[in-house]
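What follows is the content of data07.cif (mmCIF, C-alpha atoms).
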data_protein
#
loop_
_atom_site.label_atom_id
_atom_site.label_comp_id
_atom_site.auth_asym_id
_atom_site.auth_seq_id
_atom_site.Cartn_x
_atom_site.Cartn_y
_atom_site.Cartn_z
CA MET P 143 213.67 281.67 313.86
CA ALA P 144 217.04 281.57 312.11
CA PHE P 145 220.18 283.69 311.96
CA VAL P 146 221.27 284.53 308.40
CA GLY P 147 224.22 286.82 307.85
CA GLY P 148 223.87 288.28 311.33
CA TRP P 149 220.15 289.02 311.03
CA LEU P 150 217.44 287.30 313.05
CA ILE P 151 214.85 285.98 310.62
CA ARG P 152 211.50 285.27 312.25
CA GLY P 153 209.44 282.54 310.63
CA ARG P 154 205.75 282.33 311.27
CA GLY P 155 205.51 278.69 312.25
CA SER P 156 203.08 276.91 310.00
CA GLU P 157 202.75 280.09 307.94
CA ILE P 158 206.19 279.57 306.41
CA ASN P 159 204.97 278.61 302.98
CA LEU P 160 204.50 280.11 299.57
CA SER P 161 203.19 283.67 299.89
CA GLY P 162 199.75 284.54 298.62
CA ARG P 163 201.33 286.21 295.60
CA ASN P 164 203.25 283.08 294.72
CA ARG P 165 200.21 280.85 295.28
CA GLU P 166 198.34 283.12 292.89
CA LEU P 167 201.19 282.87 290.40
CA CYS P 168 201.21 279.07 290.64
CA ASN P 169 197.47 278.92 290.02
CA SER P 170 197.53 281.32 287.08
CA PHE P 171 200.93 280.58 285.55
CA PRO P 172 200.51 281.05 281.79
CA ARG P 173 200.69 277.84 279.80
CA SER P 174 201.11 279.32 276.35
CA ARG P 175 204.14 281.25 275.17
CA LYS P 176 201.97 284.15 274.00
CA SER P 177 200.20 284.64 277.33
CA ARG P 178 203.47 284.11 279.20
CA ARG P 179 205.07 286.98 277.31
CA ARG P 180 202.22 289.29 278.32
CA ARG P 181 202.83 288.50 281.99
CA THR P 182 206.63 288.72 281.89
CA ALA P 183 207.82 291.99 283.40
CA ARG P 184 210.61 293.72 281.54
CA LEU P 185 213.87 294.33 283.31
CA SER P 186 214.52 297.87 284.47
CA MET P 187 218.11 298.71 283.64
CA SER P 188 218.62 302.44 283.81
CA SER P 189 222.06 304.05 283.83
CA SER P 190 221.75 304.46 287.59
CA ASP P 191 221.61 300.67 287.97
CA LEU P 192 225.10 300.20 286.55
CA VAL P 193 227.80 299.48 289.09
CA LYS P 194 231.42 300.55 289.05
CA THR P 195 233.74 298.30 287.08
CA SER P 196 236.29 296.04 288.72
CA THR P 197 239.90 295.49 287.71
CA VAL P 198 239.13 292.43 285.54
CA SER P 199 241.11 292.67 282.31
CA ARG P 200 239.45 289.78 280.45
CA GLN P 201 236.18 289.24 278.63
CA VAL P 202 233.49 287.79 280.88
CA CYS P 203 230.63 285.48 279.93
CA ALA P 204 228.01 284.83 282.62
CA ILE P 205 226.13 281.54 282.36
CA VAL P 206 222.89 281.80 284.33
CA LEU P 207 221.41 278.37 285.09
CA ALA P 208 217.60 278.38 285.19
CA GLY P 209 216.70 274.89 284.02
CA GLY P 210 215.77 273.31 287.36
CA VAL P 211 212.28 271.98 288.02
CA GLY P 212 212.27 272.87 291.74
CA LYS P 213 210.73 269.69 293.14
CA ARG P 214 211.71 270.58 296.71
CA MET P 215 209.85 273.90 296.45
CA LYS P 216 206.54 271.97 296.13
CA ALA P 217 205.15 274.59 293.76
CA ASP P 218 203.31 274.25 290.47
CA VAL P 219 205.98 276.22 288.61
CA PRO P 220 209.78 276.00 288.64
CA LYS P 221 211.24 277.94 291.57
CA GLN P 222 213.04 280.43 289.33
CA PHE P 223 209.64 281.80 288.22
CA LEU P 224 208.31 282.39 291.73
CA VAL P 225 208.02 286.01 292.82
CA LEU P 226 210.46 287.53 295.29
CA ASP P 227 209.77 291.13 296.33
CA GLY P 228 207.91 291.98 293.12
CA GLN P 229 210.25 290.21 290.68
CA THR P 230 210.64 286.62 289.67
CA ILE P 231 213.73 284.97 291.07
CA LEU P 232 215.13 284.54 287.56
CA HIS P 233 214.56 288.20 286.66
CA ARG P 234 216.38 289.36 289.77
CA SER P 235 219.45 287.24 288.96
CA LEU P 236 219.40 287.98 285.24
CA GLU P 237 219.00 291.71 285.78
CA LEU P 238 222.12 291.88 287.90
CA PHE P 239 224.42 290.19 285.38
CA LEU P 240 223.02 292.06 282.40
CA SER P 241 223.69 295.36 284.20
CA LEU P 242 227.29 294.66 285.21
CA PRO P 243 229.78 296.49 282.96
CA GLU P 244 232.31 293.67 283.49
CA VAL P 245 230.02 291.16 281.78
CA THR P 246 230.25 291.19 278.00
CA GLU P 247 227.68 288.49 277.33
CA VAL P 248 225.15 286.33 279.19
CA VAL P 249 224.05 282.81 278.33
CA LEU P 250 220.68 281.94 279.85
CA VAL P 251 220.22 278.19 280.26
CA VAL P 252 216.48 277.70 280.35
CA ASP P 253 213.88 275.54 278.65
CA GLU P 254 213.41 276.46 275.00
CA SER P 255 209.77 277.39 275.57
CA TYR P 256 210.95 280.45 277.54
CA HIS P 257 213.54 281.74 275.07
CA GLU P 258 211.19 284.18 273.33
CA ASP P 259 210.31 285.76 276.67
CA TYR P 260 213.83 287.13 277.06
CA VAL P 261 215.19 287.56 273.52
CA ASP P 262 214.54 291.33 273.54
CA LEU P 263 216.90 291.83 276.48
CA SER P 264 219.98 291.42 274.31
CA SER P 265 221.82 294.69 273.66
CA SER P 266 224.87 295.94 271.80
CA ARG P 267 226.73 296.24 275.11
CA CYS P 268 225.78 292.84 276.49
CA GLN P 269 224.62 290.07 274.18
CA LEU P 270 222.13 287.54 275.52
CA HIS P 271 222.36 283.98 274.20
CA PHE P 272 220.33 280.89 275.04
CA ALA P 273 221.09 277.27 275.75
CA SER P 274 218.88 274.36 276.73
CA PRO P 275 219.24 272.54 280.05
CA GLY P 276 220.88 269.13 280.18
CA LYS P 277 220.02 266.07 282.22
CA GLU P 278 222.43 267.03 285.02
CA ARG P 279 223.84 270.36 286.16
CA GLN P 280 227.20 269.68 284.50
CA ASP P 281 225.38 269.03 281.21
CA SER P 282 223.59 272.39 281.49
CA VAL P 283 226.88 274.19 282.12
CA TYR P 284 228.44 272.38 279.15
CA ASN P 285 225.54 273.45 276.91
CA GLY P 286 225.95 277.03 278.07
CA LEU P 287 229.70 276.91 277.46
CA GLN P 288 229.09 275.96 273.83
CA LYS P 289 227.23 279.24 273.33
CA ALA P 290 229.93 281.44 274.89
CA THR P 291 231.75 283.62 272.33
CA VAL P 292 234.45 285.10 274.59
CA ASN P 293 238.01 284.13 273.69
CA ASP P 294 239.89 281.25 275.34
CA ALA P 295 241.44 283.62 277.87
CA GLY P 296 238.01 284.94 278.82
CA LEU P 297 236.28 284.09 282.08
CA ILE P 298 233.19 281.90 282.35
CA CYS P 299 231.11 282.99 285.34
CA VAL P 300 228.53 280.31 286.23
CA HIS P 301 225.65 281.31 288.50
CA ASP P 302 222.53 279.56 289.76
CA ALA P 303 219.47 281.71 289.09
CA ALA P 304 218.12 280.41 292.41
CA ARG P 305 220.71 282.58 294.22
CA PRO P 306 219.13 286.00 293.55
CA LEU P 307 220.69 287.72 296.58
CA VAL P 308 224.30 287.72 295.43
CA THR P 309 225.72 291.25 295.46
CA PRO P 310 227.74 293.13 292.82
CA ASP P 311 230.66 293.33 295.26
CA GLU P 312 230.71 289.54 295.67
CA ILE P 313 230.69 289.08 291.90
CA ARG P 314 233.53 291.57 291.44
CA LYS P 315 235.65 289.85 294.11
CA VAL P 316 235.31 286.38 292.59
CA LEU P 317 235.94 287.77 289.09
CA ASN P 318 239.11 289.49 290.30
CA ASP P 319 240.34 286.29 291.97
CA ALA P 320 239.66 284.22 288.85
CA ASP P 321 241.41 286.84 286.74
CA ALA P 322 244.49 286.47 288.93
CA HIS P 323 244.44 282.69 289.50
CA GLY P 324 242.51 281.16 286.59
CA ALA P 325 239.66 279.82 288.74
CA ALA P 326 237.78 281.03 291.81
CA VAL P 327 234.66 280.12 293.75
CA LEU P 328 232.54 282.21 296.06
CA GLY P 329 232.02 280.63 299.46
CA VAL P 330 231.81 281.03 303.21
CA PRO P 331 233.43 279.12 306.11
CA CYS P 332 231.20 276.32 307.32
CA LYS P 333 229.42 277.16 310.61
CA ALA P 334 227.93 273.77 311.37
CA THR P 335 229.70 270.79 312.87
CA VAL P 336 229.90 268.13 310.16
CA LYS P 337 229.88 264.41 310.84
CA GLU P 338 230.92 261.74 308.36
CA SER P 339 229.01 258.45 308.21
CA GLU P 340 229.54 255.37 306.07
CA ASP P 341 226.11 253.79 306.60
CA GLY P 342 223.89 256.76 307.40
CA SER P 343 223.21 255.37 310.86
CA PHE P 344 226.38 255.85 312.90
CA VAL P 345 229.04 258.54 313.06
CA LEU P 346 232.38 257.58 311.56
CA ARG P 347 234.20 260.76 312.51
CA THR P 348 233.89 264.50 312.99
CA ILE P 349 235.49 266.55 310.23
CA GLN P 350 237.58 269.53 311.33
CA ARG P 351 235.29 272.50 310.76
CA SER P 352 238.09 275.04 310.28
CA ARG P 353 238.97 273.34 306.98
CA LEU P 354 235.44 273.29 305.55
CA TRP P 355 233.88 275.85 303.24
CA GLU P 356 230.34 276.00 301.90
CA VAL P 357 230.68 276.95 298.26
CA GLN P 358 228.16 279.12 296.43
CA THR P 359 227.91 280.70 293.02
CA PRO P 360 229.20 282.45 291.00
CA GLN P 361 232.01 280.05 290.20
CA VAL P 362 234.44 281.52 287.68
CA VAL P 363 236.89 279.64 285.46
CA GLU P 364 239.07 280.61 282.51
CA LYS P 365 237.31 279.37 279.37
CA LYS P 366 240.29 277.36 278.13
CA VAL P 367 240.66 275.61 281.48
CA LEU P 368 236.94 274.85 281.75
CA THR P 369 236.93 273.45 278.21
CA GLU P 370 239.90 271.21 279.02
CA GLY P 371 238.16 270.07 282.18
CA PHE P 372 234.99 269.15 280.34
CA ASP P 373 237.01 267.20 277.78
CA LEU P 374 238.45 265.14 280.65
CA VAL P 375 235.10 264.73 282.40
CA ARG P 376 233.38 263.54 279.24
CA GLU P 377 236.27 261.29 278.25
CA GLN P 378 236.33 259.52 281.63
CA GLY P 379 232.58 259.67 282.30
CA LEU P 380 233.04 261.58 285.55
CA GLU P 381 230.23 263.15 287.54
CA VAL P 382 230.89 266.52 289.17
CA THR P 383 228.53 268.48 291.40
CA ASP P 384 229.90 271.97 290.78
CA ASP P 385 231.97 273.82 288.22
CA VAL P 386 235.28 274.18 290.02
CA SER P 387 235.30 270.43 290.67
CA ILE P 388 236.06 270.16 286.97
CA VAL P 389 239.15 272.32 287.52
CA GLU P 390 240.14 270.14 290.49
CA GLN P 391 240.09 267.10 288.19
CA LEU P 392 242.85 268.80 286.16
CA GLY P 393 244.96 269.32 289.28
CA LYS P 394 244.80 273.10 288.92
CA PRO P 395 244.31 275.53 291.84
CA VAL P 396 240.97 277.11 292.71
CA LYS P 397 240.93 280.33 294.75
CA LEU P 398 238.41 280.58 297.59
CA THR P 399 236.71 283.99 297.55
CA MET P 400 235.02 285.10 300.75
CA GLY P 401 231.33 285.62 300.13
CA GLU P 402 228.34 286.45 302.34
CA TYR P 403 226.05 284.14 304.27
CA THR P 404 223.08 286.01 302.79
CA ASN P 405 223.80 284.54 299.33
CA ILE P 406 221.33 281.75 299.97
CA LYS P 407 219.94 279.34 297.41
CA ILE P 408 216.17 279.35 297.28
CA THR P 409 215.30 275.66 297.38
CA THR P 410 212.41 275.09 299.81
CA PRO P 411 209.31 277.14 300.78
CA GLU P 412 211.04 278.24 304.01
CA ASP P 413 213.70 280.06 301.96
CA LEU P 414 211.33 282.65 300.46
CA PRO P 415 210.42 284.53 303.68
CA ILE P 416 214.10 284.43 304.68
CA ALA P 417 215.09 285.98 301.34
CA GLU P 418 212.39 288.64 301.70
CA SER P 419 213.66 289.49 305.19
CA ILE P 420 217.22 289.87 303.89
CA LEU P 421 216.03 292.26 301.16
CA ASN P 422 214.03 294.29 303.68
CA ALA P 423 217.05 294.49 306.00
CA ARG P 424 219.25 295.69 303.13
CA ARG P 425 216.75 298.42 302.28
CA SER P 426 216.65 299.58 305.89
CA LEU P 427 220.47 299.89 305.89
CA SER P 428 220.67 301.78 302.60
#

How would this structure read if it were set down as structure tokens?
Amino acid sequence: MAFVGGWLIRGRGSEINLSGRNRELCNSFPRSRKSRRRRTARLSMSSSDLVKTSTVSRQVCAIVLAGGVGKRMKADVPKQFLVLDGQTILHRSLELFLSLPEVTEVVLVVDESYHEDYVDLSSSRCQLHFASPGKERQDSVYNGLQKATVNDAGLICVHDAARPLVTPDEIRKVLNDADAHGAAVLGVPCKATVKESEDGSFVLRTIQRSRLWEVQTPQVVEKKVLTEGFDLVREQGLEVTDDVSIVEQLGKPVKLTMGEYTNIKITTPEDLPIAESILNARRSLS
């Protein structure tokens, strides 16, 4: 059992694994582009799906990262193509950003073999562009940034497709904070006690928990600032693990935006039943 966002999630012991639907998907995952297109469900974006706009005054480009191979998921397909409550994880994340009125364009970073599966989703209101994944996460974000057509004052909103439970309200809040401060990251205060170790065997010290935040995505940065940061990173050969770390390298401020503990990243088989429980709990409250 685990507590996520105030809900008690009950695992089923050894049954916490890929669901039967996802096992079926892994076994029958289409290998050719043609057959894959036949099996790809179209996104349902009716007018009723659109959410109210926020106060963001700039153009917004969402970069959705879907290039991971998902080794920790122990599945035969990348985790973003596993099914969660009737939709693939990638579709759920992509659908949200394509439906947000604040977002003027989306760049999907995914292997080139999948580009044709999604090309028809581009519209006059929200253009969909494609970029190929890089060797590391920062390379994938850089590739996506090169495809963004918003102006230098526009906002680049980077999101991991493997976080399909982020809510429109969370996205609006982090966009508003980035609009006001130039950079913002969604996150939550750290609940766990964190120990630091130099050798991996003995505790060096306990870090003060009240100062620690677990960052999530989206992470939003002004395009000009992110471009400057990447210039510095590439010039000095730096390695960064998230997007706002690039802003930190410039010595610029990053606003912490309070998110929700339910915005989990689906990484291991145990995460799927937890995500399904969160969706079921949301439906029961609506």

Resolved residues for the PyMOL selection byres ((chain P and resi 349) around 8) as a PyMOL selection string: chain P and resi 335-338+347-348+350-351

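Residues matching the PyMOL selection byres ((chain P and resi 247-256) around 7) in this structure come to P:Arg175, P:Val202, P:Cys203, P:Ala204, P:Ile205, P:Val206, P:Leu207, P:Ala208, P:Gly209, P:Leu240, P:Val245, P:Thr246, P:His257, P:Glu258, P:Asp259, P:Cys268, P:Gln269, P:Leu270, P:His271, P:Phe272, P:Ala273, P:Ser274, P:Pro275, P:Ser282, P:Gly286, P:Lys289, P:Ala290.
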
The PyMOL selection byres ((chain P and resi 387-394) around 9) resolved against shown file, as number ranges by chain: P: 324-325, 363, 367-368, 370-372, 374-375, 382-386, 395-396

Nearest to Leu398 (chain P), chosen from P:Gln361, P:Gln378, P:Thr309, P:Ser265, with only C-alpha atoms counted in the distances: P:Gln361

Polymer residues at most 10 Å from region 227-235 of chain P, only C-alpha atoms, same-chain spacing of 2 or more positions, as number ranges by chain: P: 163-164, 182-186, 206-208, 221-225, 237-240, 250, 260, 301-309, 408, 414-415, 417-419, 421-422

Just write the chosen residues, C-alpha atoms, as a PDB file, keeping the file's coordinate frame.
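Result saved to part-v5.pdb:
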ATOM      1  CA  ARG P 163     201.330 286.210 295.600  1.00  0.00           C
ATOM      2  CA  ASN P 164     203.250 283.080 294.720  1.00  0.00           C
ATOM      3  CA  THR P 182     206.630 288.720 281.890  1.00  0.00           C
ATOM      4  CA  ALA P 183     207.820 291.990 283.400  1.00  0.00           C
ATOM      5  CA  ARG P 184     210.610 293.720 281.540  1.00  0.00           C
ATOM      6  CA  LEU P 185     213.870 294.330 283.310  1.00  0.00           C
ATOM      7  CA  SER P 186     214.520 297.870 284.470  1.00  0.00           C
ATOM      8  CA  VAL P 206     222.890 281.800 284.330  1.00  0.00           C
ATOM      9  CA  LEU P 207     221.410 278.370 285.090  1.00  0.00           C
ATOM     10  CA  ALA P 208     217.600 278.380 285.190  1.00  0.00           C
ATOM     11  CA  LYS P 221     211.240 277.940 291.570  1.00  0.00           C
ATOM     12  CA  GLN P 222     213.040 280.430 289.330  1.00  0.00           C
ATOM     13  CA  PHE P 223     209.640 281.800 288.220  1.00  0.00           C
ATOM     14  CA  LEU P 224     208.310 282.390 291.730  1.00  0.00           C
ATOM     15  CA  VAL P 225     208.020 286.010 292.820  1.00  0.00           C
ATOM     16  CA  GLU P 237     219.000 291.710 285.780  1.00  0.00           C
ATOM     17  CA  LEU P 238     222.120 291.880 287.900  1.00  0.00           C
ATOM     18  CA  PHE P 239     224.420 290.190 285.380  1.00  0.00           C
ATOM     19  CA  LEU P 240     223.020 292.060 282.400  1.00  0.00           C
ATOM     20  CA  LEU P 250     220.680 281.940 279.850  1.00  0.00           C
ATOM     21  CA  TYR P 260     213.830 287.130 277.060  1.00  0.00           C
ATOM     22  CA  HIS P 301     225.650 281.310 288.500  1.00  0.00           C
ATOM     23  CA  ASP P 302     222.530 279.560 289.760  1.00  0.00           C
ATOM     24  CA  ALA P 303     219.470 281.710 289.090  1.00  0.00           C
ATOM     25  CA  ALA P 304     218.120 280.410 292.410  1.00  0.00           C
ATOM     26  CA  ARG P 305     220.710 282.580 294.220  1.00  0.00           C
ATOM     27  CA  PRO P 306     219.130 286.000 293.550  1.00  0.00           C
ATOM     28  CA  LEU P 307     220.690 287.720 296.580  1.00  0.00           C
ATOM     29  CA  VAL P 308     224.300 287.720 295.430  1.00  0.00           C
ATOM     30  CA  THR P 309     225.720 291.250 295.460  1.00  0.00           C
ATOM     31  CA  ILE P 408     216.170 279.350 297.280  1.00  0.00           C
ATOM     32  CA  LEU P 414     211.330 282.650 300.460  1.00  0.00           C
ATOM     33  CA  PRO P 415     210.420 284.530 303.680  1.00  0.00           C
ATOM     34  CA  ALA P 417     215.090 285.980 301.340  1.00  0.00           C
ATOM     35  CA  GLU P 418     212.390 288.640 301.700  1.00  0.00           C
ATOM     36  CA  SER P 419     213.660 289.490 305.190  1.00  0.00           C
ATOM     37  CA  LEU P 421     216.030 292.260 301.160  1.00  0.00           C
ATOM     38  CA  ASN P 422     214.030 294.290 303.680  1.00  0.00           C
TER      39      ASN P 422
END

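Among P:Ile420, P:Val357, P:Ile298, P:Leu236, the residue with the shortest atom-to-atom distance to Leu263 (chain P), counting only C-alpha atoms, is P:Leu236.
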
Can you pull out the residues contacting Ile313 (chain P)? Cut-off 12 Å, using all atoms listed in the file, and skip same-chain residues under 4 positions away; I want them as a PDB file with C-alpha atoms, keeping the file's coordinate frame.
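For reference, out.pdb as written:
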ATOM      1  CA  VAL P 193     227.800 299.480 289.090  1.00  0.00           C
ATOM      2  CA  LYS P 194     231.420 300.550 289.050  1.00  0.00           C
ATOM      3  CA  THR P 195     233.740 298.300 287.080  1.00  0.00           C
ATOM      4  CA  SER P 196     236.290 296.040 288.720  1.00  0.00           C
ATOM      5  CA  THR P 197     239.900 295.490 287.710  1.00  0.00           C
ATOM      6  CA  VAL P 198     239.130 292.430 285.540  1.00  0.00           C
ATOM      7  CA  VAL P 202     233.490 287.790 280.880  1.00  0.00           C
ATOM      8  CA  ALA P 204     228.010 284.830 282.620  1.00  0.00           C
ATOM      9  CA  SER P 235     219.450 287.240 288.960  1.00  0.00           C
ATOM     10  CA  LEU P 238     222.120 291.880 287.900  1.00  0.00           C
ATOM     11  CA  PHE P 239     224.420 290.190 285.380  1.00  0.00           C
ATOM     12  CA  LEU P 242     227.290 294.660 285.210  1.00  0.00           C
ATOM     13  CA  PRO P 243     229.780 296.490 282.960  1.00  0.00           C
ATOM     14  CA  GLU P 244     232.310 293.670 283.490  1.00  0.00           C
ATOM     15  CA  VAL P 245     230.020 291.160 281.780  1.00  0.00           C
ATOM     16  CA  CYS P 299     231.110 282.990 285.340  1.00  0.00           C
ATOM     17  CA  VAL P 300     228.530 280.310 286.230  1.00  0.00           C
ATOM     18  CA  HIS P 301     225.650 281.310 288.500  1.00  0.00           C
ATOM     19  CA  LEU P 307     220.690 287.720 296.580  1.00  0.00           C
ATOM     20  CA  VAL P 308     224.300 287.720 295.430  1.00  0.00           C
ATOM     21  CA  THR P 309     225.720 291.250 295.460  1.00  0.00           C
ATOM     22  CA  LEU P 317     235.940 287.770 289.090  1.00  0.00           C
ATOM     23  CA  ASN P 318     239.110 289.490 290.300  1.00  0.00           C
ATOM     24  CA  ASP P 319     240.340 286.290 291.970  1.00  0.00           C
ATOM     25  CA  ALA P 320     239.660 284.220 288.850  1.00  0.00           C
ATOM     26  CA  ALA P 326     237.780 281.030 291.810  1.00  0.00           C
ATOM     27  CA  VAL P 327     234.660 280.120 293.750  1.00  0.00           C
ATOM     28  CA  LEU P 328     232.540 282.210 296.060  1.00  0.00           C
ATOM     29  CA  GLY P 329     232.020 280.630 299.460  1.00  0.00           C
ATOM     30  CA  GLN P 358     228.160 279.120 296.430  1.00  0.00           C
ATOM     31  CA  THR P 359     227.910 280.700 293.020  1.00  0.00           C
ATOM     32  CA  PRO P 360     229.200 282.450 291.000  1.00  0.00           C
ATOM     33  CA  GLN P 361     232.010 280.050 290.200  1.00  0.00           C
ATOM     34  CA  VAL P 362     234.440 281.520 287.680  1.00  0.00           C
ATOM     35  CA  THR P 399     236.710 283.990 297.550  1.00  0.00           C
ATOM     36  CA  MET P 400     235.020 285.100 300.750  1.00  0.00           C
ATOM     37  CA  GLY P 401     231.330 285.620 300.130  1.00  0.00           C
ATOM     38  CA  GLU P 402     228.340 286.450 302.340  1.00  0.00           C
ATOM     39  CA  ASN P 405     223.800 284.540 299.330  1.00  0.00           C
TER      40      ASN P 405
END

Kindly list the centre and edge lengths in Å, rounded to one decimal, for the axis-aligned box that covers all listed atoms of region 218-225 of chain P plus 6 Å on each of its six sides, as lines of an AutoDock Vina configuration file.
center_x = 208.2
center_y = 280.1
center_z = 290.5
size_x = 21.7
size_y = 23.8
size_z = 16.6

Point (228.3, 265.4, 283.6) neighbourhood (6 Å, all atoms listed in the file) written as a ChimeraX atom specification: /P:280-281,381

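When all atoms listed in the file are used to measure the gap to Leu297 (chain P), the shortest distance among P:Arg314, P:Arg200, P:Arg267, P:Lys333 belongs to P:Arg200.
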
Option closest in space to Asp373 (chain P), from P:Tyr284, P:Leu354, P:Gly210, P:Glu340 [counting only C-alpha atoms]: P:Tyr284
